[in-house]
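One structure is given here, and the rest of the page talks about it.
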Amino acid sequence: MSGSKSSIEYMQDKNSQLHLLMCAPEFFEVTYVINQWMQPQTWQDNPIRFKQKAVDEWQNLHKIFKSLGVAIELMLPRRNVPDMVFTANGAVVLNKRALLARFRYKERQPEEKFFAEYFESLKRSGIIETVDLLPENLFQEGAGDCIWDSQRQIFWAGYGPRSTKDAAEYIESYFGKQVIALELLSSRFYHLDLSLSPLKYGDVLYYPGAFTESSQKIIKERVPANQLISLDDEDASNFVCNLVNIDNKIVISHCSEKLKKILQERGYTVIESPVDTFTLAGGAVCCLTLKLNL
Ligand code: ARG
């Protein structure tokens with residue numbers, strides 16, 4: 001019968017434990033500005049306190065993932081690449097294939113070789129099978145701008161502030177999956193993972209103000225109205241799209257009561273794990289992770 005699962009399928013479900021890549025914030029700090037959220041002056045007010053707070057927040061997040069049964073790989077933190085904690089930006093990964101990121105800003109470009117080295121080691125351990133580089137003439141900032149929608153079996157790709165549109169076309173041919181390219185408008189919602197989040201059961205959270213009119217239209221054409229959850233500026237500015245969804249659990253930095261209710265009605269349980277120190281660099285929960293086994 002097509003509607004019911006065999007015991008083998010259930011076993012596969014059990015084994016499909018989420019596998020994330022993270023990088024501890026040993027060298028995390030806010031020293032430059034490449035997006036509107038970044039606040040080096042605030043950081044400079046009390047670097048020691050912020051550093052400790054970042055460690056505490058990151059460890060708490062790590063602990064929550066562990067308690068949810070997530071397998072976590074850790075990259076070696078390096079000096080002078082403070083944003084490398086945002087592993088989401090390292091690559092686009094699907095079916096054991098990794099396409100390494102090419103960063104727009106020189107501040108993050110030194111991370112490229114660390115991600116390349118790290119993915120080669122994942123290849124040696126069999127977690128990843130192929131690691132490839134993007135063509136040189138385009139920018140693409142990993143899963144931060146290219147999100148796999150497991151329900152629809154498509155990628156949503158953001159372009160404009162960071163990644164270029166031709167990167168979306170390249171990803172489509174590289175992975176052989178449809179890529180829906182969406183144009184981001186501002187340097188506030190500069191990555192797609194701050195602006196849109198496809199959830200496990202087919203719902204899609206998005207902040208219309210992040211997108212051009214024509215990209216908003218594309219989203220509405222693709223996602224039926226009853227699955228589309230439109231966010232207001234307040235929720236979006238609290239980085240609510242930047243969540244990690246594990247089965248029915250949603251791990252998020254902050255969530256308004258209003259949104260919590262909407263999500264609960266759709267069967268999700270919200271787990272808040274504040275990462276406010278990282279929002280001083282313009283990132284939150286999703287940015288701090290990269291899914292290795294999609
Ligand atoms: N400061 C980092 C940058 O501007 C933050 C990256 C956040 N990552 C993300 N996937 N949105 O690149």
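Labels for the structure tokens follow display order: chains A, B, ..., residues from 1 in each chain, ligands from 1.
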Margin query: Neighbours of ligand 1 at 9 Å or closer, counting only C-alpha atoms and all ligand atoms: which residues, as a ChimeraX atom specification?
Written below: /A:30,32-38,82-90,103-105,107-108,141-145,162,189-194,242,278-290
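Summary of the local environment: counting only C-alpha atoms, residues at most 9 Å from Ile171 (chain A), other than itself and those fewer than 6 positions away along its chain, are A:Val92, A:Leu99, A:Leu134, A:Cys146, A:Phe155, A:Lys177, A:Gln178, A:Val179.
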Check your understanding: as a PyMOL selection string, which residues of region 48-259 of chain A does DSSP assign to helix (DSSP H, G or I)?
Key -> chain A and resi 48-67+82-85+87-90+111-124+142-145+165-175+192-194+208-210+213-222+225-227+233-237+257-259
Could you name the residues that touch Met75 (chain A) at 8 Å or less, counting only C-alpha atoms, but leaving out those on the same chain fewer than 4 positions away, as number ranges by chain?
A: 21-24, 118
Pull all heavy atoms from the residues just selected and write them as a PDB file, in the first residue's frame.
ATOM      1  N   LEU A  21      27.777  20.420  10.502  1.00  0.00           N
ATOM      2  CA  LEU A  21      29.139  20.932  10.691  1.00  0.00           C
ATOM      3  C   LEU A  21      29.063  22.247  11.466  1.00  0.00           C
ATOM      4  O   LEU A  21      28.291  23.139  11.122  1.00  0.00           O
ATOM      5  CB  LEU A  21      29.801  21.184   9.327  1.00  0.00           C
ATOM      6  CG  LEU A  21      31.161  21.903   9.367  1.00  0.00           C
ATOM      7  CD1 LEU A  21      32.208  21.065  10.098  1.00  0.00           C
ATOM      8  CD2 LEU A  21      31.644  22.236   7.953  1.00  0.00           C
ATOM      9  N   MET A  22      29.871  22.321  12.533  1.00  0.00           N
ATOM     10  CA  MET A  22      29.936  23.568  13.302  1.00  0.00           C
ATOM     11  C   MET A  22      31.407  23.928  13.526  1.00  0.00           C
ATOM     12  O   MET A  22      32.306  23.115  13.279  1.00  0.00           O
ATOM     13  CB  MET A  22      29.227  23.416  14.661  1.00  0.00           C
ATOM     14  CG  MET A  22      27.734  23.170  14.554  1.00  0.00           C
ATOM     15  SD  MET A  22      26.903  22.985  16.169  1.00  0.00           S
ATOM     16  CE  MET A  22      26.827  24.680  16.757  1.00  0.00           C
ATOM     17  N   CYS A  23      31.651  25.153  13.976  1.00  0.00           N
ATOM     18  CA  CYS A  23      33.013  25.592  14.262  1.00  0.00           C
ATOM     19  C   CYS A  23      32.963  26.446  15.536  1.00  0.00           C
ATOM     20  O   CYS A  23      32.254  27.460  15.565  1.00  0.00           O
ATOM     21  CB  CYS A  23      33.542  26.406  13.082  1.00  0.00           C
ATOM     22  SG  CYS A  23      35.189  27.077  13.340  1.00  0.00           S
ATOM     23  N   ALA A  24      33.649  26.020  16.566  1.00  0.00           N
ATOM     24  CA  ALA A  24      33.564  26.703  17.861  1.00  0.00           C
ATOM     25  C   ALA A  24      34.083  28.149  17.761  1.00  0.00           C
ATOM     26  O   ALA A  24      34.972  28.439  16.963  1.00  0.00           O
ATOM     27  CB  ALA A  24      34.367  25.930  18.906  1.00  0.00           C
ATOM     28  N   TYR A 118      39.089  21.266   4.910  1.00  0.00           N
ATOM     29  CA  TYR A 118      38.203  20.510   5.771  1.00  0.00           C
ATOM     30  C   TYR A 118      37.340  19.527   4.961  1.00  0.00           C
ATOM     31  O   TYR A 118      37.160  18.373   5.353  1.00  0.00           O
ATOM     32  CB  TYR A 118      37.330  21.438   6.621  1.00  0.00           C
ATOM     33  CG  TYR A 118      36.555  20.622   7.610  1.00  0.00           C
ATOM     34  CD1 TYR A 118      37.201  20.079   8.716  1.00  0.00           C
ATOM     35  CD2 TYR A 118      35.229  20.299   7.389  1.00  0.00           C
ATOM     36  CE1 TYR A 118      36.532  19.244   9.593  1.00  0.00           C
ATOM     37  CE2 TYR A 118      34.548  19.470   8.266  1.00  0.00           C
ATOM     38  CZ  TYR A 118      35.202  18.958   9.362  1.00  0.00           C
ATOM     39  OH  TYR A 118      34.534  18.124  10.211  1.00  0.00           O
TER      40      TYR A 118
END
(message) Excluding Leu259 (chain A) and its own-chain neighbours fewer than 6 positions away, which residues fall within 12 Å of it when counting only C-alpha atoms? Please give them as a PyMOL selection string.
(response) chain A and resi 205+229-232+234-236+238+240-241+250+252+265-266+268-270
May I have the selected residues written with N, CA and C atoms, as a compact mmCIF listing (two decimals), in the first residue's frame?
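What ended up in again.txt:
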# COMPACT_ATOMS: atom_id res chain seq x y z
N LEU A 205 8.54 29.70 5.65
CA LEU A 205 8.55 31.01 6.31
C LEU A 205 9.29 31.97 5.39
N ILE A 229 4.06 31.16 5.20
CA ILE A 229 3.94 31.97 6.43
C ILE A 229 4.75 33.25 6.23
N SER A 230 4.01 34.34 6.13
CA SER A 230 4.66 35.62 5.85
C SER A 230 5.02 36.32 7.16
N LEU A 231 6.26 36.76 7.27
CA LEU A 231 6.73 37.36 8.53
C LEU A 231 6.68 38.87 8.48
N ASP A 232 6.46 39.49 9.64
CA ASP A 232 6.55 40.95 9.67
C ASP A 232 8.01 41.34 9.94
N GLU A 234 9.39 42.82 12.38
CA GLU A 234 9.91 42.55 13.72
C GLU A 234 10.43 41.12 13.85
N ASP A 235 9.61 40.15 13.43
CA ASP A 235 10.06 38.75 13.47
C ASP A 235 11.29 38.55 12.59
N ALA A 236 11.23 39.08 11.37
CA ALA A 236 12.35 38.88 10.45
C ALA A 236 13.63 39.47 11.03
N ASN A 238 14.40 39.63 14.03
CA ASN A 238 14.87 38.77 15.12
C ASN A 238 15.46 37.46 14.57
N VAL A 240 14.26 35.15 12.66
CA VAL A 240 13.48 33.92 12.83
C VAL A 240 13.63 32.95 11.65
N CYS A 241 13.93 33.46 10.47
CA CYS A 241 14.14 32.53 9.34
C CYS A 241 15.40 31.69 9.56
N ILE A 250 11.93 22.97 16.05
CA ILE A 250 12.53 24.14 15.41
C ILE A 250 13.45 24.81 16.42
N ILE A 252 15.78 27.86 17.31
CA ILE A 252 15.72 29.24 16.84
C ILE A 252 16.27 30.14 17.93
N GLU A 265 0.53 25.31 15.78
CA GLU A 265 -0.69 24.85 15.10
C GLU A 265 -0.36 23.95 13.92
N ARG A 266 0.82 24.15 13.36
CA ARG A 266 1.22 23.32 12.21
C ARG A 266 2.05 22.11 12.63
N TYR A 268 4.74 21.99 14.85
CA TYR A 268 6.15 22.15 15.23
C TYR A 268 6.28 22.54 16.70
N THR A 269 7.41 22.16 17.29
CA THR A 269 7.73 22.58 18.66
C THR A 269 8.93 23.51 18.59
N VAL A 270 8.80 24.67 19.19
CA VAL A 270 9.88 25.67 19.10
C VAL A 270 10.81 25.55 20.31
When DSSP works through the backbone of this structure, what residues of region 53-276 of chain A end up as strand (DSSP E or B), shown as a count of residues only?
-> 55
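Of the residues listed (A:Ser197, A:Leu122, A:Gln109, A:Thr277), A:Thr277 shows the shortest atom-to-atom separation from Asn46 (chain A); distances use only C-alpha atoms.
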Please determine, counting only C-alpha atoms, which residue among A:Asn137, A:Asn80, A:Ser186, A:Gln44 has the shortest atom-to-atom distance to Tyr159 (chain A).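 Of A:Asn137, A:Asn80, A:Ser186, A:Gln44, the one nearest Tyr159 (chain A), counting only C-alpha atoms, is A:Ser186.
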For Phe28 (chain A), the closest of A:Gly69, A:Pro77, A:Pro135, A:Pro40 counting only C-alpha atoms is A:Pro77
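In this comparison, which uses only C-alpha atoms, the residue of A:Trp156, A:Phe50, A:Tyr207, A:Phe119 approaching Glu73 (chain A) most closely is A:Phe119.
We find CA of Leu138 (chain A) and CA of Asp166 (chain A) to be spaced 6.9 Å apart.
Computed from the coordinates, the CA of Leu133 (chain A) to CA of Arg102 (chain A) distance equals 8.3 Å.
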Problem set entry | Interatomic distance, CA of Glu272 (chain A) to CA of Leu61 (chain A) (Å, one decimal) |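 CA of Glu272 (chain A) sits 9.2 Å away from CA of Leu61 (chain A).
Distances from A:Leu74, A:Leu184, A:Ile219, A:Ala225 to Pro25 (chain A) were compared using only C-alpha atoms, and the smallest one belongs to A:Leu74.
With distances restricted to only C-alpha atoms, A:Thr212 is the closest residue to Gly160 (chain A) from A:Val131, A:Arg124, A:Leu199, A:Thr212.
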